[in-house]
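Working notes, structure below.
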Amino acid sequence: MQDPPGRSPLCTSGAVALEFAIIGPVLIMLLLGIMVYGGYFLMAHSVQQLANDAARAALGGLSDSERQQLAANCLANELPTYGFLSPKLVQLGYADQSQVMTVNIAYDASGSPLWALNGIIPMPSSSIVRSASVQVGGF
């Protein structure tokens with residue numbers, strides 16, 4: 001059997017468009033997932049770093065109330081350096097039990113542009129909670 005005139009035996013017209021129609025959405029979802037989770041990890045790491053710095057700063061206090069105030073001051077001073085974290089959405093928690101001081105920082109990331117893709121891409125919890133504990137005295 002002979003091929004019709006004007007058509008090569010290896011004609012693949014439309015094959016590339018068909019392949020992209022199959023692979024394109026998967027590729028786009030993969031790239032969006034990389035972008036969204038990269039942003040989430042950046043926020044989570046930043047919240048952890050804020051908790052670490054606030055706990056270190058609070059060590060200089062002589063009483064629980066002074067330590068708590070030092071942690072709050074450190075958080076207020078460092079938070080503007082993280083331009084992507086909104087100061088209104090950050091909550092500071094403090095606990096001091098048996099010579100171990102713990103600073104908890106919670107951040108509500110639900111207002112972040114990354115969470116606009118929540119229905120398209122499976123997202124982690126929008127509440128990012130991190131803590132840092134340090135021993136007070138008795139080394």
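So you can find residues: chains in the structure tokens are A, B, ... in the order shown, residues in each start at 1, and ligands are numbered from 1 in order.
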Contact residues around range 21-33 of chain A with only C-alpha atoms at 9 Å, ignoring same-chain residues under 2 positions, as a PyMOL selection string: chain A and resi 16-19+35-38+117+120-123
Serialized selection, N, CA and C atoms, as a short mmCIF file (atom, residue, chain, number, x, y, z; two decimals), in the first residue's frame:
data_model
loop_
_atom_site.label_atom_id
_atom_site.label_comp_id
_atom_site.auth_asym_id
_atom_site.auth_seq_id
_atom_site.Cartn_x
_atom_site.Cartn_y
_atom_site.Cartn_z
N VAL A 16 2.79 16.84 18.65
CA VAL A 16 3.38 17.66 19.70
C VAL A 16 2.27 18.33 20.52
N ALA A 17 1.26 18.82 19.84
CA ALA A 17 0.14 19.45 20.55
C ALA A 17 -0.58 18.44 21.43
N LEU A 18 -0.74 17.24 20.95
CA LEU A 18 -1.39 16.19 21.74
C LEU A 18 -0.54 15.82 22.96
N GLU A 19 0.77 15.71 22.78
CA GLU A 19 1.65 15.39 23.90
C GLU A 19 1.63 16.49 24.95
N MET A 35 6.69 26.03 43.75
CA MET A 35 6.65 27.43 44.16
C MET A 35 5.92 27.61 45.49
N VAL A 36 4.77 26.96 45.64
CA VAL A 36 3.96 27.11 46.85
C VAL A 36 4.67 26.50 48.06
N TYR A 37 5.19 25.31 47.94
CA TYR A 37 5.85 24.68 49.08
C TYR A 37 7.18 25.36 49.41
N GLY A 38 7.86 25.91 48.41
CA GLY A 38 9.06 26.70 48.68
C GLY A 38 8.72 27.92 49.52
N LEU A 117 -4.09 29.22 46.08
CA LEU A 117 -4.10 27.99 45.29
C LEU A 117 -4.55 26.78 46.09
N ILE A 120 -6.51 24.06 44.38
CA ILE A 120 -5.85 23.44 43.23
C ILE A 120 -4.74 22.50 43.67
N ILE A 121 -3.96 22.96 44.66
CA ILE A 121 -2.81 22.20 45.15
C ILE A 121 -3.05 21.85 46.61
N PRO A 122 -2.80 20.63 47.03
CA PRO A 122 -2.95 20.30 48.45
C PRO A 122 -1.94 21.09 49.27
N MET A 123 -2.44 21.85 50.23
CA MET A 123 -1.60 22.75 51.02
C MET A 123 -1.45 22.24 52.45
#
Contacts of range 80-83 of chain A at 12 Å (only C-alpha atoms; same-chain gap of 5+ positions) as a ChimeraX atom specification: /A:42-47,49-50,74-75,88,90
Could you take the residues named above and write them with N, CA and C atoms, as a PDB file, in the first residue's frame?
ATOM      1  N   LEU A  42       9.844  28.696  53.418  1.00  0.00           N
ATOM      2  CA  LEU A  42      10.470  29.975  53.759  1.00  0.00           C
ATOM      3  C   LEU A  42       9.772  30.609  54.960  1.00  0.00           C
ATOM      4  N   MET A  43       8.446  30.618  54.949  1.00  0.00           N
ATOM      5  CA  MET A  43       7.705  31.192  56.079  1.00  0.00           C
ATOM      6  C   MET A  43       7.935  30.384  57.356  1.00  0.00           C
ATOM      7  N   ALA A  44       7.888  29.067  57.266  1.00  0.00           N
ATOM      8  CA  ALA A  44       8.068  28.227  58.444  1.00  0.00           C
ATOM      9  C   ALA A  44       9.478  28.393  59.030  1.00  0.00           C
ATOM     10  N   HIS A  45      10.468  28.467  58.178  1.00  0.00           N
ATOM     11  CA  HIS A  45      11.838  28.663  58.657  1.00  0.00           C
ATOM     12  C   HIS A  45      11.990  30.041  59.309  1.00  0.00           C
ATOM     13  N   SER A  46      11.356  31.052  58.732  1.00  0.00           N
ATOM     14  CA  SER A  46      11.437  32.401  59.296  1.00  0.00           C
ATOM     15  C   SER A  46      10.778  32.465  60.666  1.00  0.00           C
ATOM     16  N   VAL A  47       9.637  31.808  60.830  1.00  0.00           N
ATOM     17  CA  VAL A  47       8.964  31.788  62.132  1.00  0.00           C
ATOM     18  C   VAL A  47       9.833  31.057  63.152  1.00  0.00           C
ATOM     19  N   GLN A  49      13.101  30.858  63.105  1.00  0.00           N
ATOM     20  CA  GLN A  49      14.235  31.728  63.407  1.00  0.00           C
ATOM     21  C   GLN A  49      13.827  32.854  64.355  1.00  0.00           C
ATOM     22  N   LEU A  50      12.631  33.390  64.185  1.00  0.00           N
ATOM     23  CA  LEU A  50      12.130  34.408  65.120  1.00  0.00           C
ATOM     24  C   LEU A  50      11.993  33.832  66.527  1.00  0.00           C
ATOM     25  N   CYS A  74      12.350  41.702  71.208  1.00  0.00           N
ATOM     26  CA  CYS A  74      13.137  41.091  70.139  1.00  0.00           C
ATOM     27  C   CYS A  74      12.257  40.780  68.932  1.00  0.00           C
ATOM     28  N   LEU A  75      11.095  40.220  69.190  1.00  0.00           N
ATOM     29  CA  LEU A  75      10.167  39.899  68.103  1.00  0.00           C
ATOM     30  C   LEU A  75       9.746  41.167  67.365  1.00  0.00           C
ATOM     31  N   LYS A  88       0.748  41.767  62.195  1.00  0.00           N
ATOM     32  CA  LYS A  88      -0.588  41.617  62.786  1.00  0.00           C
ATOM     33  C   LYS A  88      -0.990  40.154  62.956  1.00  0.00           C
ATOM     34  N   VAL A  90       1.099  37.622  63.831  1.00  0.00           N
ATOM     35  CA  VAL A  90       2.056  36.897  64.668  1.00  0.00           C
ATOM     36  C   VAL A  90       1.605  36.958  66.120  1.00  0.00           C
TER      37      VAL A  90
END
Counting only C-alpha atoms, what is within 9 Å of Arg67 in chain A, bar same-chain residues fewer than 6 positions away, as a PDB file with N, CA and C atoms, in the first residue's frame?
ATOM      1  N   ALA A  55      13.951  33.635  72.048  1.00  0.00           N
ATOM      2  CA  ALA A  55      14.344  32.835  73.211  1.00  0.00           C
ATOM      3  C   ALA A  55      15.751  33.207  73.676  1.00  0.00           C
ATOM      4  N   ALA A  57      17.221  36.117  73.228  1.00  0.00           N
ATOM      5  CA  ALA A  57      17.172  37.459  73.800  1.00  0.00           C
ATOM      6  C   ALA A  57      16.573  37.444  75.197  1.00  0.00           C
ATOM      7  N   ALA A  58      15.619  36.559  75.440  1.00  0.00           N
ATOM      8  CA  ALA A  58      14.930  36.509  76.728  1.00  0.00           C
ATOM      9  C   ALA A  58      15.824  35.962  77.843  1.00  0.00           C
ATOM     10  N   LEU A  59      16.894  35.310  77.495  1.00  0.00           N
ATOM     11  CA  LEU A  59      17.777  34.740  78.522  1.00  0.00           C
ATOM     12  C   LEU A  59      18.367  35.804  79.444  1.00  0.00           C
ATOM     13  N   GLY A  60      18.480  37.023  78.968  1.00  0.00           N
ATOM     14  CA  GLY A  60      19.086  38.077  79.771  1.00  0.00           C
ATOM     15  C   GLY A  60      18.206  38.588  80.893  1.00  0.00           C
ATOM     16  N   GLY A  61      16.939  38.219  80.918  1.00  0.00           N
ATOM     17  CA  GLY A  61      16.021  38.697  81.949  1.00  0.00           C
ATOM     18  C   GLY A  61      16.247  38.023  83.285  1.00  0.00           C
ATOM     19  N   TYR A  94       4.730  32.480  75.767  1.00  0.00           N
ATOM     20  CA  TYR A  94       5.903  32.332  76.631  1.00  0.00           C
ATOM     21  C   TYR A  94       5.541  31.407  77.784  1.00  0.00           C
ATOM     22  N   MET A 101      12.809  27.690  79.703  1.00  0.00           N
ATOM     23  CA  MET A 101      11.969  28.745  79.142  1.00  0.00           C
ATOM     24  C   MET A 101      11.647  28.391  77.687  1.00  0.00           C
TER      25      MET A 101
END
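Reported to one decimal place, the separation of CA of Pro87 in chain A from CA of Tyr107 in chain A is 9.0 Å.
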Residue list (strand (DSSP E or B), DSSP) for chain A, as an MDAnalysis selection string: chainID A and resid 90:97 100:108 127:135
Interatomic distance, CA of Val134 in chain A to CA of Thr102 in chain A (Å, one decimal): 6.5 Å
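Here CA of Val103 in chain A and CA of Ala54 in chain A stand 7.0 Å from one another.
Across A:Gln69, A:Gln99, A:Ser110, A:Asn104, the tightest approach to Pro124 in chain A is made by A:Ser110 when counting only C-alpha atoms.
Residue nearest Gly111 in chain A within the list A:Leu89, A:Ile34, A:Leu62, A:Ala72: A:Leu89 [criterion: smallest interatomic distance, only C-alpha atoms].
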Among listed residues A:Asp96, A:Ala106, A:Gln68, A:Gly137, nearest Ser125 in chain A (using only C-alpha atoms): A:Ala106
